[in-house]
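Engineer: Have a look at this one.
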Amino acid sequence: MTGSWVNSAQSIGVDLHLELSGPGGRRAALTQALRDAVRSGRLAPGTRLPPYRSLAADLGVARNTVADAYGELVAEGWLTARQGSGTRVALGVVSPRSGRRESAEPRRQAVSMPVEAPSRARGPRHDLRQGTPDPSAFPRAAWAASYRRALLTAPSEAFGPGDPAGRRELREALTEYLARARGVRTEPDRIVICSGFGHALRLLITPDTPGRPNSPGTPGRPGAGGVLRGPLGVEAYGLAFHRDLLAAAGVRTVPLPLDEDGARVETLARERAVLLTPAHQFPTGGPLHPERRAAVIDWARAREAVVLEDDYDGEFRYDRRPVGALQGLDPERVIYVGSVSKSLSPALRLGWMVLPHRCVEPVLAAKGEREAWASVPDQLALADFVAGGSYDRHVRRMRLRYRRRRDRLVAALAAHAPHIEVTGVAAGLHAVLRLPPGTEGPTLRAAARRGIALDGLAGFRHPDAATGRDADGDAESDVTMGEGLVVGYAAPAEHAYGAALEALCGVLPPG
Ligand SMILES: Cc1ncc(COP(=O)(O)O)c(C=O)c1O
């Protein structure tokens with residue numbers, strides 16, 4: 001294709017000469033032309049690019065071709081995409097024209113290349129890792145409005161030393177929200193604000209200090225253990241980060257076998273606590289069967305044990321009836337933990353624990369007077385965001401978006417890899433693609449070569465899972481769940497998702 005002057009004045013007011021030539025088709029040519037334009041400084045940092053539709057019309061290419069080219073350059077860090085302000089040349093790109101980086105920081109590089117791009121953007125071309133909601137969908141305007149209101153209306157004492165339990169305004173807003181949306185039974189005095197699940201886990205395993213009121217540890221014996229003590233049952237598949245945290249604190253974890261009804265809680269025996277993801281098993285994806293929900297509560301009552309409920313993405317359910325919190329069955333036996341990491345952003349570092357009465361004091365003691373709490377202005381902003389209905393609105397909007405993405409993933413697999421079974425799609429922000437034996441490793445390596453970041457099922461397996469127990473408590477040779485890919489469909493920006501799916505289908509093992 002010959003060079004083309006693009007005049008999308010109706011949208012951006014810049015003329016853009018693009019030379020679409022070279023091997024690899026129009027998308028590759030457009031990507032290269034745009035990259036060259038940024039690299040050479042013809043497109044200055046901050047320049048707004050034309051919307052897909054107008055650039056596609058000007059160049060005579062399909063709208064998706066433009067979307068894919070933009071998506072690739074966003075992933076590489078040359079461009080940024082933000083809802084409401086379109087796609088722009090990244091601010092951190094060095095402009096040889098001006099000879100300086102277009103940011104407040106001192107210039108570090110003489111050559112043109114993306115600098116300062118966030119690590120996820122700098123890394124893979126296609127980000128299909130589980131764990132992150134779409135960062136480009138953060139509700140900036142609504143959050144800013146809540147933040148502003150919170151700052152302007154907060155009493156002066158809010159800017160003094162805080163309450164280790166967290167701001168009462170937030171605990172009250174969460175009491176109402178969690179009861180309504182998740183079936184959690186609580187009152188503000190049983191909620192402790194934290195910075196997320198990892199922080200909650202740390203607080204729960206912090207050794208008890210002698211002489212604390214209502215302490216679960218043995219008085220007078222330092223290091224007698226925190227609210228959670230081992231051996232602790234965990235699902236045979238889960239986040240290694242959480243297992244490592246427990247191991248580092250000396251808490252032994254015992255893997256519970258999983259099947260399509262979730263963790264086989266009937267195998268719990270001498271454990272003193274169990275960590276579960278009842279609404280949406282992480283990462284395999286099913287809810288804990290109602291009979292098992294009842295059974296684990298019976299077990300906890302009989303053994304005076306504790307159930308730790310990780311409700312990490314409970315708001316995102318699509319096909320099936322809502323699965324409420326296990327905590328609702330027995331608030332004195334279940335510690336419920338949630339955070340905004342999936343619903344809003346993991347960057348906020350805001351979470352909450354809903355505690356049995358007897359656990360409140362020990363957790364506050366573990367938190368201490370000088371512990372690094374969640375920022376009080378952020379807590380006040382979240383209180384306003386939740387109480388004013390913005391949280392509900394955002395969750396509903398994102399639920400629709402992720403559901404559509406889930407549908408596109410399922411449709412792409414049906415069209416291009418019908419032999420691959422996809423499971424765990426009824427809820428959450430990720431799905432599991434079941435792979436034939438011996439193909440997980442090679443598929444991950446092929447994906448890495450194509451710039452696709454995603455996880456294999458094996459990475460989530462408890463190191464002792466292969467020697468778990470069967471229902472009678474006897475040693476069982478293998479409780480593993482075969483091979484598979486854990487595909488996160490939330491992380492890519494909207495325009496980059498199609499290309500990511502296409503790339504994924506290109507590396508799956510043949511049927
Ligand atoms: C299984 C699981 N639990 C909890 C969380 C939330 O962690 P945090 O609240 O510490 O960000 C995540 C987030 O990725 C998760 O995957």
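Ordering of the structure tokens sets the chain letters (A, B, ...); residue numbers start at 1 within each chain; ligands are numbered from 1 in the order shown.
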DSSP says alpha helix (DSSP H) for which residues of stretch 276-460 of chain A? Put them as a PDB file with N, CA and C atoms, in the first residue's frame?
Structural biologist:
```
ATOM      1  N   PRO A 290     -23.375 -26.784  48.068  1.00  0.00           N
ATOM      2  CA  PRO A 290     -24.096 -26.424  49.295  1.00  0.00           C
ATOM      3  C   PRO A 290     -23.916 -27.437  50.423  1.00  0.00           C
ATOM      4  N   GLU A 291     -23.883 -28.727  50.079  1.00  0.00           N
ATOM      5  CA  GLU A 291     -23.697 -29.730  51.156  1.00  0.00           C
ATOM      6  C   GLU A 291     -22.324 -29.600  51.799  1.00  0.00           C
ATOM      7  N   ARG A 292     -21.344 -29.250  50.998  1.00  0.00           N
ATOM      8  CA  ARG A 292     -19.994 -29.095  51.552  1.00  0.00           C
ATOM      9  C   ARG A 292     -19.887 -27.805  52.360  1.00  0.00           C
ATOM     10  N   ARG A 293     -20.656 -26.800  51.946  1.00  0.00           N
ATOM     11  CA  ARG A 293     -20.672 -25.560  52.741  1.00  0.00           C
ATOM     12  C   ARG A 293     -21.183 -25.881  54.151  1.00  0.00           C
ATOM     13  N   ALA A 294     -22.270 -26.642  54.194  1.00  0.00           N
ATOM     14  CA  ALA A 294     -22.824 -26.999  55.504  1.00  0.00           C
ATOM     15  C   ALA A 294     -21.846 -27.894  56.268  1.00  0.00           C
ATOM     16  N   ALA A 295     -21.203 -28.808  55.531  1.00  0.00           N
ATOM     17  CA  ALA A 295     -20.313 -29.772  56.200  1.00  0.00           C
ATOM     18  C   ALA A 295     -19.103 -29.082  56.818  1.00  0.00           C
ATOM     19  N   VAL A 296     -18.572 -28.085  56.135  1.00  0.00           N
ATOM     20  CA  VAL A 296     -17.366 -27.450  56.686  1.00  0.00           C
ATOM     21  C   VAL A 296     -17.718 -26.619  57.924  1.00  0.00           C
ATOM     22  N   ILE A 297     -18.923 -26.084  57.943  1.00  0.00           N
ATOM     23  CA  ILE A 297     -19.362 -25.346  59.141  1.00  0.00           C
ATOM     24  C   ILE A 297     -19.538 -26.333  60.308  1.00  0.00           C
ATOM     25  N   ASP A 298     -20.147 -27.490  60.021  1.00  0.00           N
ATOM     26  CA  ASP A 298     -20.305 -28.512  61.071  1.00  0.00           C
ATOM     27  C   ASP A 298     -18.941 -28.925  61.618  1.00  0.00           C
ATOM     28  N   TRP A 299     -17.996 -29.132  60.698  1.00  0.00           N
ATOM     29  CA  TRP A 299     -16.644 -29.521  61.118  1.00  0.00           C
ATOM     30  C   TRP A 299     -16.032 -28.438  62.023  1.00  0.00           C
ATOM     31  N   ALA A 300     -16.153 -27.181  61.605  1.00  0.00           N
ATOM     32  CA  ALA A 300     -15.543 -26.085  62.376  1.00  0.00           C
ATOM     33  C   ALA A 300     -16.174 -25.999  63.769  1.00  0.00           C
ATOM     34  N   ARG A 301     -17.493 -26.212  63.842  1.00  0.00           N
ATOM     35  CA  ARG A 301     -18.161 -26.147  65.153  1.00  0.00           C
ATOM     36  C   ARG A 301     -17.683 -27.297  66.038  1.00  0.00           C
ATOM     37  N   ALA A 302     -17.629 -28.473  65.440  1.00  0.00           N
ATOM     38  CA  ALA A 302     -17.254 -29.644  66.233  1.00  0.00           C
ATOM     39  C   ALA A 302     -15.815 -29.550  66.727  1.00  0.00           C
ATOM     40  N   ARG A 303     -14.925 -29.004  65.909  1.00  0.00           N
ATOM     41  CA  ARG A 303     -13.506 -28.981  66.260  1.00  0.00           C
ATOM     42  C   ARG A 303     -13.074 -27.645  66.852  1.00  0.00           C
ATOM     43  N   HIS A 357     -16.497 -12.315  66.905  1.00  0.00           N
ATOM     44  CA  HIS A 357     -16.250 -11.378  68.007  1.00  0.00           C
ATOM     45  C   HIS A 357     -14.924 -11.634  68.714  1.00  0.00           C
ATOM     46  N   ARG A 358     -14.656 -12.929  68.995  1.00  0.00           N
ATOM     47  CA  ARG A 358     -13.477 -13.223  69.816  1.00  0.00           C
ATOM     48  C   ARG A 358     -12.167 -12.916  69.094  1.00  0.00           C
ATOM     49  N   CYS A 359     -12.219 -12.724  67.769  1.00  0.00           N
ATOM     50  CA  CYS A 359     -10.981 -12.500  67.004  1.00  0.00           C
ATOM     51  C   CYS A 359     -10.655 -11.009  66.825  1.00  0.00           C
ATOM     52  N   VAL A 360     -11.595 -10.133  67.167  1.00  0.00           N
ATOM     53  CA  VAL A 360     -11.382  -8.715  66.870  1.00  0.00           C
ATOM     54  C   VAL A 360     -10.179  -8.170  67.637  1.00  0.00           C
ATOM     55  N   GLU A 361     -10.157  -8.389  68.932  1.00  0.00           N
ATOM     56  CA  GLU A 361      -9.063  -7.834  69.744  1.00  0.00           C
ATOM     57  C   GLU A 361      -7.702  -8.365  69.317  1.00  0.00           C
ATOM     58  N   PRO A 362      -7.553  -9.695  69.164  1.00  0.00           N
ATOM     59  CA  PRO A 362      -6.238 -10.198  68.735  1.00  0.00           C
ATOM     60  C   PRO A 362      -5.789  -9.619  67.388  1.00  0.00           C
ATOM     61  N   VAL A 363      -6.720  -9.441  66.479  1.00  0.00           N
ATOM     62  CA  VAL A 363      -6.324  -8.889  65.173  1.00  0.00           C
ATOM     63  C   VAL A 363      -5.916  -7.426  65.330  1.00  0.00           C
ATOM     64  N   LEU A 364      -6.647  -6.677  66.147  1.00  0.00           N
ATOM     65  CA  LEU A 364      -6.272  -5.279  66.371  1.00  0.00           C
ATOM     66  C   LEU A 364      -4.921  -5.198  67.076  1.00  0.00           C
ATOM     67  N   ALA A 365      -4.698  -6.149  67.980  1.00  0.00           N
ATOM     68  CA  ALA A 365      -3.403  -6.169  68.671  1.00  0.00           C
ATOM     69  C   ALA A 365      -2.280  -6.455  67.673  1.00  0.00           C
ATOM     70  N   ALA A 366      -2.542  -7.367  66.741  1.00  0.00           N
ATOM     71  CA  ALA A 366      -1.535  -7.679  65.720  1.00  0.00           C
ATOM     72  C   ALA A 366      -1.287  -6.459  64.834  1.00  0.00           C
ATOM     73  N   LYS A 367      -2.333  -5.706  64.619  1.00  0.00           N
ATOM     74  CA  LYS A 367      -2.197  -4.527  63.758  1.00  0.00           C
ATOM     75  C   LYS A 367      -1.371  -3.453  64.464  1.00  0.00           C
ATOM     76  N   VAL A 376      -6.068   6.775  55.316  1.00  0.00           N
ATOM     77  CA  VAL A 376      -7.389   7.205  55.780  1.00  0.00           C
ATOM     78  C   VAL A 376      -8.165   7.958  54.682  1.00  0.00           C
ATOM     79  N   PRO A 377      -7.537   8.886  53.951  1.00  0.00           N
ATOM     80  CA  PRO A 377      -8.315   9.508  52.858  1.00  0.00           C
ATOM     81  C   PRO A 377      -8.843   8.478  51.854  1.00  0.00           C
ATOM     82  N   ASP A 378      -8.047   7.445  51.549  1.00  0.00           N
ATOM     83  CA  ASP A 378      -8.542   6.393  50.641  1.00  0.00           C
ATOM     84  C   ASP A 378      -9.733   5.654  51.254  1.00  0.00           C
ATOM     85  N   GLN A 379      -9.643   5.402  52.539  1.00  0.00           N
ATOM     86  CA  GLN A 379     -10.763   4.717  53.210  1.00  0.00           C
ATOM     87  C   GLN A 379     -12.032   5.573  53.137  1.00  0.00           C
ATOM     88  N   LEU A 380     -11.853   6.875  53.363  1.00  0.00           N
ATOM     89  CA  LEU A 380     -13.025   7.767  53.321  1.00  0.00           C
ATOM     90  C   LEU A 380     -13.593   7.843  51.901  1.00  0.00           C
ATOM     91  N   ALA A 381     -12.690   7.849  50.930  1.00  0.00           N
ATOM     92  CA  ALA A 381     -13.155   7.884  49.538  1.00  0.00           C
ATOM     93  C   ALA A 381     -13.932   6.610  49.221  1.00  0.00           C
ATOM     94  N   LEU A 382     -13.431   5.463  49.676  1.00  0.00           N
ATOM     95  CA  LEU A 382     -14.143   4.210  49.397  1.00  0.00           C
ATOM     96  C   LEU A 382     -15.498   4.197  50.118  1.00  0.00           C
ATOM     97  N   ALA A 383     -15.537   4.751  51.321  1.00  0.00           N
ATOM     98  CA  ALA A 383     -16.816   4.821  52.044  1.00  0.00           C
ATOM     99  C   ALA A 383     -17.838   5.606  51.219  1.00  0.00           C
ATOM    100  N   ASP A 384     -17.412   6.732  50.683  1.00  0.00           N
ATOM    101  CA  ASP A 384     -18.308   7.544  49.863  1.00  0.00           C
ATOM    102  C   ASP A 384     -18.694   6.791  48.590  1.00  0.00           C
ATOM    103  N   PHE A 385     -17.709   6.125  47.994  1.00  0.00           N
ATOM    104  CA  PHE A 385     -17.913   5.396  46.741  1.00  0.00           C
ATOM    105  C   PHE A 385     -18.933   4.270  46.914  1.00  0.00           C
ATOM    106  N   VAL A 386     -18.822   3.572  48.040  1.00  0.00           N
ATOM    107  CA  VAL A 386     -19.748   2.464  48.301  1.00  0.00           C
ATOM    108  C   VAL A 386     -21.117   3.007  48.690  1.00  0.00           C
ATOM    109  N   ALA A 387     -21.143   3.932  49.658  1.00  0.00           N
ATOM    110  CA  ALA A 387     -22.429   4.415  50.183  1.00  0.00           C
ATOM    111  C   ALA A 387     -23.219   5.171  49.118  1.00  0.00           C
ATOM    112  N   SER A 390     -21.693   4.263  43.751  1.00  0.00           N
ATOM    113  CA  SER A 390     -20.742   4.178  42.622  1.00  0.00           C
ATOM    114  C   SER A 390     -20.110   2.790  42.538  1.00  0.00           C
ATOM    115  N   TYR A 391     -19.918   2.160  43.678  1.00  0.00           N
ATOM    116  CA  TYR A 391     -19.300   0.827  43.677  1.00  0.00           C
ATOM    117  C   TYR A 391     -20.223  -0.159  42.961  1.00  0.00           C
ATOM    118  N   ASP A 392     -21.500  -0.133  43.316  1.00  0.00           N
ATOM    119  CA  ASP A 392     -22.466  -1.020  42.650  1.00  0.00           C
ATOM    120  C   ASP A 392     -22.483  -0.766  41.142  1.00  0.00           C
ATOM    121  N   ARG A 393     -22.514   0.508  40.784  1.00  0.00           N
ATOM    122  CA  ARG A 393     -22.582   0.834  39.344  1.00  0.00           C
ATOM    123  C   ARG A 393     -21.347   0.307  38.623  1.00  0.00           C
ATOM    124  N   HIS A 394     -20.173   0.521  39.235  1.00  0.00           N
ATOM    125  CA  HIS A 394     -18.949   0.070  38.582  1.00  0.00           C
ATOM    126  C   HIS A 394     -18.933  -1.456  38.452  1.00  0.00           C
ATOM    127  N   VAL A 395     -19.299  -2.134  39.524  1.00  0.00           N
ATOM    128  CA  VAL A 395     -19.288  -3.604  39.484  1.00  0.00           C
ATOM    129  C   VAL A 395     -20.248  -4.103  38.408  1.00  0.00           C
ATOM    130  N   ARG A 396     -21.413  -3.491  38.323  1.00  0.00           N
ATOM    131  CA  ARG A 396     -22.384  -3.950  37.303  1.00  0.00           C
ATOM    132  C   ARG A 396     -21.832  -3.743  35.889  1.00  0.00           C
ATOM    133  N   ARG A 397     -21.190  -2.572  35.696  1.00  0.00           N
ATOM    134  CA  ARG A 397     -20.627  -2.282  34.375  1.00  0.00           C
ATOM    135  C   ARG A 397     -19.521  -3.287  34.039  1.00  0.00           C
ATOM    136  N   MET A 398     -18.651  -3.554  35.012  1.00  0.00           N
ATOM    137  CA  MET A 398     -17.532  -4.466  34.750  1.00  0.00           C
ATOM    138  C   MET A 398     -18.019  -5.904  34.588  1.00  0.00           C
ATOM    139  N   ARG A 399     -19.090  -6.247  35.288  1.00  0.00           N
ATOM    140  CA  ARG A 399     -19.640  -7.601  35.157  1.00  0.00           C
ATOM    141  C   ARG A 399     -20.075  -7.840  33.707  1.00  0.00           C
ATOM    142  N   LEU A 400     -20.718  -6.839  33.145  1.00  0.00           N
ATOM    143  CA  LEU A 400     -21.146  -6.949  31.740  1.00  0.00           C
ATOM    144  C   LEU A 400     -19.951  -7.079  30.811  1.00  0.00           C
ATOM    145  N   ARG A 401     -18.945  -6.235  31.069  1.00  0.00           N
ATOM    146  CA  ARG A 401     -17.763  -6.243  30.207  1.00  0.00           C
ATOM    147  C   ARG A 401     -17.034  -7.585  30.285  1.00  0.00           C
ATOM    148  N   TYR A 402     -16.837  -8.102  31.493  1.00  0.00           N
ATOM    149  CA  TYR A 402     -16.110  -9.357  31.630  1.00  0.00           C
ATOM    150  C   TYR A 402     -16.939 -10.525  31.104  1.00  0.00           C
ATOM    151  N   ARG A 403     -18.233 -10.417  31.258  1.00  0.00           N
ATOM    152  CA  ARG A 403     -19.077 -11.477  30.723  1.00  0.00           C
ATOM    153  C   ARG A 403     -18.954 -11.547  29.201  1.00  0.00           C
ATOM    154  N   ARG A 404     -18.929 -10.375  28.579  1.00  0.00           N
ATOM    155  CA  ARG A 404     -18.755 -10.358  27.113  1.00  0.00           C
ATOM    156  C   ARG A 404     -17.404 -10.939  26.727  1.00  0.00           C
ATOM    157  N   ARG A 405     -16.385 -10.622  27.511  1.00  0.00           N
ATOM    158  CA  ARG A 405     -15.059 -11.157  27.212  1.00  0.00           C
ATOM    159  C   ARG A 405     -15.040 -12.675  27.393  1.00  0.00           C
ATOM    160  N   ARG A 406     -15.680 -13.121  28.451  1.00  0.00           N
ATOM    161  CA  ARG A 406     -15.780 -14.564  28.675  1.00  0.00           C
ATOM    162  C   ARG A 406     -16.454 -15.219  27.467  1.00  0.00           C
ATOM    163  N   ASP A 407     -17.555 -14.603  27.001  1.00  0.00           N
ATOM    164  CA  ASP A 407     -18.267 -15.154  25.840  1.00  0.00           C
ATOM    165  C   ASP A 407     -17.380 -15.181  24.601  1.00  0.00           C
ATOM    166  N   ARG A 408     -16.589 -14.139  24.416  1.00  0.00           N
ATOM    167  CA  ARG A 408     -15.693 -14.096  23.242  1.00  0.00           C
ATOM    168  C   ARG A 408     -14.624 -15.176  23.344  1.00  0.00           C
ATOM    169  N   LEU A 409     -14.129 -15.408  24.558  1.00  0.00           N
ATOM    170  CA  LEU A 409     -13.134 -16.479  24.732  1.00  0.00           C
ATOM    171  C   LEU A 409     -13.746 -17.833  24.365  1.00  0.00           C
ATOM    172  N   VAL A 410     -14.947 -18.077  24.898  1.00  0.00           N
ATOM    173  CA  VAL A 410     -15.602 -19.366  24.645  1.00  0.00           C
ATOM    174  C   VAL A 410     -15.886 -19.515  23.144  1.00  0.00           C
ATOM    175  N   ALA A 411     -16.332 -18.438  22.505  1.00  0.00           N
ATOM    176  CA  ALA A 411     -16.642 -18.499  21.066  1.00  0.00           C
ATOM    177  C   ALA A 411     -15.371 -18.721  20.254  1.00  0.00           C
ATOM    178  N   ALA A 412     -14.288 -18.054  20.639  1.00  0.00           N
ATOM    179  CA  ALA A 412     -13.026 -18.203  19.890  1.00  0.00           C
ATOM    180  C   ALA A 412     -12.528 -19.644  19.994  1.00  0.00           C
ATOM    181  N   LEU A 413     -12.664 -20.219  21.171  1.00  0.00           N
ATOM    182  CA  LEU A 413     -12.210 -21.601  21.338  1.00  0.00           C
ATOM    183  C   LEU A 413     -13.097 -22.556  20.538  1.00  0.00           C
ATOM    184  N   ALA A 414     -14.405 -22.295  20.562  1.00  0.00           N
ATOM    185  CA  ALA A 414     -15.314 -23.173  19.814  1.00  0.00           C
ATOM    186  C   ALA A 414     -14.979 -23.119  18.321  1.00  0.00           C
ATOM    187  N   ALA A 415     -14.583 -21.950  17.856  1.00  0.00           N
ATOM    188  CA  ALA A 415     -14.305 -21.801  16.424  1.00  0.00           C
ATOM    189  C   ALA A 415     -12.928 -22.340  16.046  1.00  0.00           C
ATOM    190  N   HIS A 416     -11.925 -22.091  16.888  1.00  0.00           N
ATOM    191  CA  HIS A 416     -10.552 -22.395  16.469  1.00  0.00           C
ATOM    192  C   HIS A 416      -9.914 -23.575  17.192  1.00  0.00           C
ATOM    193  N   GLU A 440       1.068 -28.924  28.598  1.00  0.00           N
ATOM    194  CA  GLU A 440       1.014 -27.634  29.306  1.00  0.00           C
ATOM    195  C   GLU A 440       2.334 -26.856  29.163  1.00  0.00           C
ATOM    196  N   GLY A 441       3.445 -27.550  29.448  1.00  0.00           N
ATOM    197  CA  GLY A 441       4.752 -26.889  29.367  1.00  0.00           C
ATOM    198  C   GLY A 441       5.041 -26.358  27.973  1.00  0.00           C
ATOM    199  N   PRO A 442       4.934 -27.218  26.933  1.00  0.00           N
ATOM    200  CA  PRO A 442       5.215 -26.732  25.580  1.00  0.00           C
ATOM    201  C   PRO A 442       4.291 -25.573  25.171  1.00  0.00           C
ATOM    202  N   THR A 443       3.015 -25.627  25.611  1.00  0.00           N
ATOM    203  CA  THR A 443       2.096 -24.536  25.235  1.00  0.00           C
ATOM    204  C   THR A 443       2.518 -23.231  25.901  1.00  0.00           C
ATOM    205  N   LEU A 444       2.922 -23.317  27.153  1.00  0.00           N
ATOM    206  CA  LEU A 444       3.363 -22.097  27.841  1.00  0.00           C
ATOM    207  C   LEU A 444       4.613 -21.522  27.171  1.00  0.00           C
ATOM    208  N   ARG A 445       5.490 -22.416  26.740  1.00  0.00           N
ATOM    209  CA  ARG A 445       6.713 -21.927  26.090  1.00  0.00           C
ATOM    210  C   ARG A 445       6.384 -21.289  24.743  1.00  0.00           C
ATOM    211  N   ALA A 446       5.462 -21.912  24.000  1.00  0.00           N
ATOM    212  CA  ALA A 446       5.063 -21.336  22.708  1.00  0.00           C
ATOM    213  C   ALA A 446       4.404 -19.975  22.933  1.00  0.00           C
ATOM    214  N   ALA A 447       3.604 -19.891  23.993  1.00  0.00           N
ATOM    215  CA  ALA A 447       2.935 -18.622  24.300  1.00  0.00           C
ATOM    216  C   ALA A 447       3.977 -17.553  24.613  1.00  0.00           C
ATOM    217  N   ALA A 448       4.970 -17.921  25.404  1.00  0.00           N
ATOM    218  CA  ALA A 448       6.001 -16.935  25.787  1.00  0.00           C
ATOM    219  C   ALA A 448       6.713 -16.414  24.541  1.00  0.00           C
ATOM    220  N   ARG A 449       6.971 -17.327  23.594  1.00  0.00           N
ATOM    221  CA  ARG A 449       7.648 -16.891  22.360  1.00  0.00           C
ATOM    222  C   ARG A 449       6.800 -15.899  21.578  1.00  0.00           C
TER     223      ARG A 449
END
```
Engineer: Would you list the residues that come within 10 Å of ligand 1? Count only C-alpha atoms and all ligand atoms and give the answer as number ranges by chain.
Structural biologist: A: 130-133, 194-201, 237-242, 276-277, 280-283, 309-313, 337-342, 345-352, 429-430
Engineer: Could you work out how far atom CA of A:Arg171 lies from atom CA of A:Ile193, giving the answer in Å with one decimal?
Structural biologist: 7.6 Å
Engineer: Measure the distance from atom CA of A:Glu172 to atom CA of A:Met353 in Å and round it to one decimal.
Structural biologist: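 Atom-to-atom, atom CA of A:Glu172 and atom CA of A:Met353 are spaced 13.1 Å apart.
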Engineer: Counting only C-alpha atoms, what is within 7 Å of stretch 69-84 of chain A, bar same-chain residues fewer than 2 positions away, as a CSV table (one decimal) with N, CA, C and O atoms, in the first residue's frame?
Structural biologist:
```
chain,number,residue,atom,x,y,z
A,27,ARG,N,-2.1,-5.1,9.2
A,27,ARG,CA,-2.0,-4.8,10.6
A,27,ARG,C,-0.5,-4.6,11.0
A,27,ARG,O,-0.2,-3.6,11.7
A,30,LEU,N,0.7,-1.3,9.6
A,30,LEU,CA,0.2,-0.1,10.3
A,30,LEU,C,0.9,0.0,11.7
A,30,LEU,O,1.3,1.1,12.1
A,31,THR,N,1.1,-1.2,12.4
A,31,THR,CA,1.8,-1.1,13.6
A,31,THR,C,3.2,-0.6,13.5
A,31,THR,O,3.6,0.3,14.2
A,65,THR,N,-8.3,-3.8,12.4
A,65,THR,CA,-6.9,-3.7,12.1
A,65,THR,C,-6.3,-2.6,12.9
A,65,THR,O,-5.2,-2.7,13.4
A,66,VAL,N,-7.0,-1.5,12.9
A,66,VAL,CA,-6.5,-0.3,13.7
A,66,VAL,C,-6.5,-0.6,15.2
A,66,VAL,O,-5.6,-0.4,15.9
A,67,ALA,N,-7.6,-1.2,15.6
A,67,ALA,CA,-7.7,-1.6,17.1
A,67,ALA,C,-6.6,-2.5,17.5
A,67,ALA,O,-6.0,-2.3,18.5
A,86,GLY,N,-9.2,8.6,24.9
A,86,GLY,CA,-8.8,7.9,23.7
A,86,GLY,C,-7.4,7.4,23.8
A,86,GLY,O,-6.8,7.2,24.9
A,87,THR,N,-6.8,7.1,22.7
A,87,THR,CA,-5.4,6.6,22.6
A,87,THR,C,-4.4,7.7,22.3
A,87,THR,O,-4.6,8.5,21.4
A,88,ARG,N,-3.4,7.7,23.1
A,88,ARG,CA,-2.4,8.8,23.0
A,88,ARG,C,-1.0,8.2,22.9
A,88,ARG,O,-0.7,7.1,23.4
A,89,VAL,N,0.0,9.0,22.4
A,89,VAL,CA,1.4,8.6,22.5
A,89,VAL,C,1.8,8.7,23.9
A,89,VAL,O,1.5,9.7,24.6
A,90,ALA,N,2.5,7.7,24.4
A,90,ALA,CA,2.8,7.6,25.9
A,90,ALA,C,3.7,8.8,26.2
A,90,ALA,O,4.6,9.2,25.5
A,93,VAL,N,7.7,8.5,26.4
A,93,VAL,CA,8.5,8.2,25.2
A,93,VAL,C,9.5,9.4,25.0
A,93,VAL,O,9.1,10.5,25.1
A,114,PRO,N,10.3,3.3,24.7
A,114,PRO,CA,9.4,3.5,25.7
A,114,PRO,C,10.1,3.4,27.1
A,114,PRO,O,10.8,2.5,27.3
A,117,ALA,N,7.2,2.9,31.2
A,117,ALA,CA,5.9,2.2,31.0
A,117,ALA,C,5.7,1.3,32.2
A,117,ALA,O,6.7,0.8,32.7
A,121,ALA,N,2.7,-3.3,31.2
A,121,ALA,CA,2.7,-2.8,29.9
A,121,ALA,C,4.0,-3.0,29.2
A,121,ALA,O,4.0,-3.3,28.0
A,122,ARG,N,5.1,-2.9,29.9
A,122,ARG,CA,6.4,-3.1,29.3
A,122,ARG,C,6.6,-4.5,28.9
A,122,ARG,O,7.3,-4.9,28.0
A,124,PRO,N,4.6,-8.3,28.5
A,124,PRO,CA,4.1,-9.1,27.4
A,124,PRO,C,3.3,-8.3,26.4
A,124,PRO,O,2.7,-7.2,26.7
A,125,ARG,N,3.3,-8.8,25.2
A,125,ARG,CA,2.5,-8.2,24.2
A,125,ARG,C,1.0,-8.4,24.5
A,125,ARG,O,0.1,-7.6,24.3
A,126,HIS,N,0.7,-9.6,24.9
A,126,HIS,CA,-0.7,-10.0,25.2
A,126,HIS,C,-0.8,-10.5,26.7
A,126,HIS,O,-0.2,-11.5,27.0
A,136,SER,N,-7.4,-0.2,32.6
A,136,SER,CA,-7.9,1.0,31.8
A,136,SER,C,-9.3,1.3,32.1
A,136,SER,O,-9.8,2.4,31.7
A,137,ALA,N,-10.0,0.4,32.9
A,137,ALA,CA,-11.4,0.7,33.2
A,137,ALA,C,-11.6,1.3,34.6
A,137,ALA,O,-12.7,1.4,35.1
A,495,HIS,N,-9.6,-2.7,23.6
A,495,HIS,CA,-9.2,-2.8,22.2
A,495,HIS,C,-8.1,-3.9,21.9
A,495,HIS,O,-7.9,-4.3,20.8
A,496,ALA,N,-7.4,-4.3,23.0
A,496,ALA,CA,-6.3,-5.3,22.8
A,496,ALA,C,-6.8,-6.7,23.0
A,496,ALA,O,-6.0,-7.6,22.7
```
Engineer: So, with only C-alpha atoms as the atoms that count, which of A:Gly262, A:Pro436, A:Gly388, A:Gly511 lies closest to A:Ala173?
Structural biologist: A:Gly388
